[in-house]
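Novice: Let me give you the structure first, and then I'll get to my questions.
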Amino acid sequence: MKNRILLFDTITDGHHPDYLIHLIGFYSGNKEIELFVATGESFKTQFEKRQKAEDNAWGDNVTFLPIPTEKIASIHSKPIYLRSIIEWNLLIGMAKKINASHALLMYFDYYQLGILLGKKSPCPVSAIYFRPNFLENDQGIYPRIKKWMLSKVLQSGQIQNLFCLVHALVPYMKEQQTRTRIIPICDPIKQFHVSNSEVIAFKNKFNVPTDKKIFLNFGYLDDRKGMEVFIDACAILPNEALTKICLLLAGPVPPYYEKIIEAKLATLPALEVIRCYGYLPAREVEICFEISDVILILYQDFLNMSSVLIRAAMANKPSFATNTGMIGSLVSSNHVGITVDATSVNDVAGELASIIQNDISYSVENLKLLAEENSLSSFLSTIDQVIR
């Protein structure tokens, strides 16, 4: 009898389509697997747009179960506690409908109340926990409630396996009275080989300078990404140092925040800036990392892991990062870049001046190891070994 695996996710932006695409590609054509993909109806269009450029496969054994856009919008507009229950019950309904042998909830973070109060699953369920929003020793009222609710979910038997991206919290979860298997998992990045001609064309298109250090700020460019502190730090550097810096901004930026950033940049005409705003094709993302000298991860109030650090490792580039959370710990302990108090303009400026003058000392071997540990094949094999 074939394994009938259901992938379920109502979010269709950010990293969510990537994870689905990775798993679809992994199971496509596997005669032992019937794969069902339940997500927003816009996903199939996204997949097809990216299919050729990213060499994505959609085998005959893959069935799409589109959730109407209006239905998702209605669910997402509800308070999180209601949304949690509604979406969990929707997952259970789909699992029953297709007689799933295993369901994979792609985003566990919002579902804990639904798991506790919603319907019982007809099949084993695994889930991916992206960002546990508590610290192990935090005694605040909300973190305590979150930890209590998580412990109840782990005892409920509703979740068979919980894949956790935040490895630092795995030991804490395992210490709980749990019927759930807790499994650390990496944040997967798919690498693409880009040709010399593609790199040259990109450099020509954006007039990339050859005589400056290129600092890349990549991803969803909002107030978490530390762009303001970096620009403010540049503003207090000597002009001689400033003329050696090129800031590459690559990724979608909310309109309101673009105005804030552009207003700051307007006061600093000596700073060269390359703007690659909006969604970038995977191959252009690869090029952005390849042509950069330093990867910026000056995140504000962010304690978890970032795929940007993994991309930096895969491109063999050092990071200039926050000294807090998992990012700070990994960068400093593995010697793959330099860390700083990312909330301090003066501290960032001081380290930035040092980078301009002396470069960054880092371990090439540790970058390679970090990349291997977080490879796409590692992510896929970890899931596959558990869900079938």
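Just remember, in the structure tokens the first chain shown is A, the second B, etc., residues are 1-based per chain, and ligands are 1-based in the order shown.
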Skip Asp13 (chain A) itself and residues of its chain fewer than 4 positions away, then list as a list of chain:residue names all residues within 12 Å of it, counting only C-alpha atoms.
Specialist: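 Final neighbour list, sorted by chain and number: A:Asp9, A:Pro17, A:Asp18, A:Tyr19, A:Leu20, A:Thr39, A:Gly40, A:Ser42, A:Phe43, A:Gln46, A:Phe47, A:Tyr220, A:Pro252, A:Tyr279.
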Novice: Hey, what does DSSP flag as strand (DSSP E) within region 128-277 of chain A? Can you give it to me as a ChimeraX atom specification?
Specialist: /A:128-129,161-164,181-184,213-218,245-251,272-277
Novice: Need to verify the contact set: region 178-193 of chain A, 6 Å, only C-alpha atoms, exclusion of same-chain residues closer than 2 positions in sequence. Can you return it as a ChimeraX atom specification?
Specialist: /A:154-155,157,159-165,167,176,374-376,379
Novice: For CA of Thr322 (chain A) and CA of Tyr299 (chain A), quote the distance in Å rounded to one decimal.
Specialist: 6.0 Å
Novice: Ile5 (chain A): which residues within 9 Å, counting only C-alpha atoms, same-chain residues fewer than 4 positions away excluded, as a list in words?
Specialist: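 Residues meeting the cut-off are Ile33, Glu34, Leu35, Phe36, Val37, Ala95, Ala100, Ser101, His102, Ala103, Leu104, Ile387 and Arg388 of chain A.
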Novice: Go ahead and write the selection's residues with N, CA and C atoms as a PDB file, in the first residue's frame.
Specialist:
ATOM      1  N   ILE A  33       4.945   6.739  -3.046  1.00  0.00           N
ATOM      2  CA  ILE A  33       4.338   7.882  -2.350  1.00  0.00           C
ATOM      3  C   ILE A  33       3.247   8.522  -3.201  1.00  0.00           C
ATOM      4  N   GLU A  34       2.106   8.789  -2.574  1.00  0.00           N
ATOM      5  CA  GLU A  34       1.114   9.701  -3.146  1.00  0.00           C
ATOM      6  C   GLU A  34       1.164  10.966  -2.288  1.00  0.00           C
ATOM      7  N   LEU A  35       1.533  12.058  -2.917  1.00  0.00           N
ATOM      8  CA  LEU A  35       1.723  13.312  -2.188  1.00  0.00           C
ATOM      9  C   LEU A  35       0.565  14.261  -2.475  1.00  0.00           C
ATOM     10  N   PHE A  36      -0.018  14.815  -1.419  1.00  0.00           N
ATOM     11  CA  PHE A  36      -1.114  15.773  -1.536  1.00  0.00           C
ATOM     12  C   PHE A  36      -0.661  17.095  -0.928  1.00  0.00           C
ATOM     13  N   VAL A  37      -0.820  18.174  -1.679  1.00  0.00           N
ATOM     14  CA  VAL A  37      -0.345  19.490  -1.253  1.00  0.00           C
ATOM     15  C   VAL A  37      -1.541  20.404  -1.048  1.00  0.00           C
ATOM     16  N   ALA A  95      -7.195  15.480   5.783  1.00  0.00           N
ATOM     17  CA  ALA A  95      -6.543  14.193   6.045  1.00  0.00           C
ATOM     18  C   ALA A  95      -7.555  13.053   5.961  1.00  0.00           C
ATOM     19  N   ALA A 100      -5.269  10.012   4.446  1.00  0.00           N
ATOM     20  CA  ALA A 100      -3.821  10.200   4.574  1.00  0.00           C
ATOM     21  C   ALA A 100      -3.222   9.186   5.541  1.00  0.00           C
ATOM     22  N   SER A 101      -2.028   8.734   5.201  1.00  0.00           N
ATOM     23  CA  SER A 101      -1.303   7.863   6.127  1.00  0.00           C
ATOM     24  C   SER A 101      -0.418   8.694   7.059  1.00  0.00           C
ATOM     25  N   HIS A 102      -0.111   9.929   6.653  1.00  0.00           N
ATOM     26  CA  HIS A 102       0.672  10.843   7.495  1.00  0.00           C
ATOM     27  C   HIS A 102       0.422  12.269   7.007  1.00  0.00           C
ATOM     28  N   ALA A 103       0.298  13.197   7.936  1.00  0.00           N
ATOM     29  CA  ALA A 103       0.139  14.613   7.592  1.00  0.00           C
ATOM     30  C   ALA A 103       1.322  15.395   8.139  1.00  0.00           C
ATOM     31  N   LEU A 104       1.821  16.331   7.346  1.00  0.00           N
ATOM     32  CA  LEU A 104       2.909  17.203   7.783  1.00  0.00           C
ATOM     33  C   LEU A 104       2.394  18.631   7.829  1.00  0.00           C
ATOM     34  N   ILE A 387       8.609  10.457   8.437  1.00  0.00           N
ATOM     35  CA  ILE A 387       7.188  10.449   8.076  1.00  0.00           C
ATOM     36  C   ILE A 387       6.767   9.266   7.214  1.00  0.00           C
ATOM     37  N   ARG A 388       7.704   8.377   6.895  1.00  0.00           N
ATOM     38  CA  ARG A 388       7.265   7.170   6.174  1.00  0.00           C
ATOM     39  C   ARG A 388       8.112   5.953   6.552  1.00  0.00           C
TER      40      ARG A 388
END
Novice: Just give me the gap between CA of Glu351 (chain A) and CA of Ser307 (chain A) in Å, one decimal is fine.
Specialist: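 It comes out at 23.0 Å.
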Novice: Pick the closest to Phe108 (chain A) from A:Val253, A:Cys123, A:Ile11, A:Ile72: which is it, counting only C-alpha atoms?
Specialist: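 So, comparing all the options, the nearest one is A:Ile11.
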Novice: How many Å separate CA of Val194 (chain A) from CA of Ala282 (chain A)?
Specialist: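 Between CA of Val194 (chain A) and CA of Ala282 (chain A) the gap is 10.1 Å.
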Novice: Quick one: residues within 12 Å of Val62 (chain A), only C-alpha atoms counted, chain neighbours fewer than 2 positions away excluded, as JSON, numbers by chain?
Specialist: {"A": [4, 5, 6, 7, 20, 21, 23, 24, 25, 26, 27, 28, 29, 30, 31, 32, 33, 34, 35, 36, 37, 38, 44, 57, 58, 59, 60, 64, 65]}
Novice: From the list A:Ile85, A:Ala233, A:Leu370, A:Ile327, which residue is nearest Thr339 (chain A) when using only C-alpha atoms?
Specialist: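 Ranked by minimum distance to Thr339 (chain A), first place goes to A:Ile327.
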Novice: Counting only C-alpha atoms, which residue out of A:Met326, A:Ala235, A:Leu216, A:Ala266 sits closest to Asp301 (chain A)?
Specialist: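 Closest to Asp301 (chain A) of all the choices is A:Met326.
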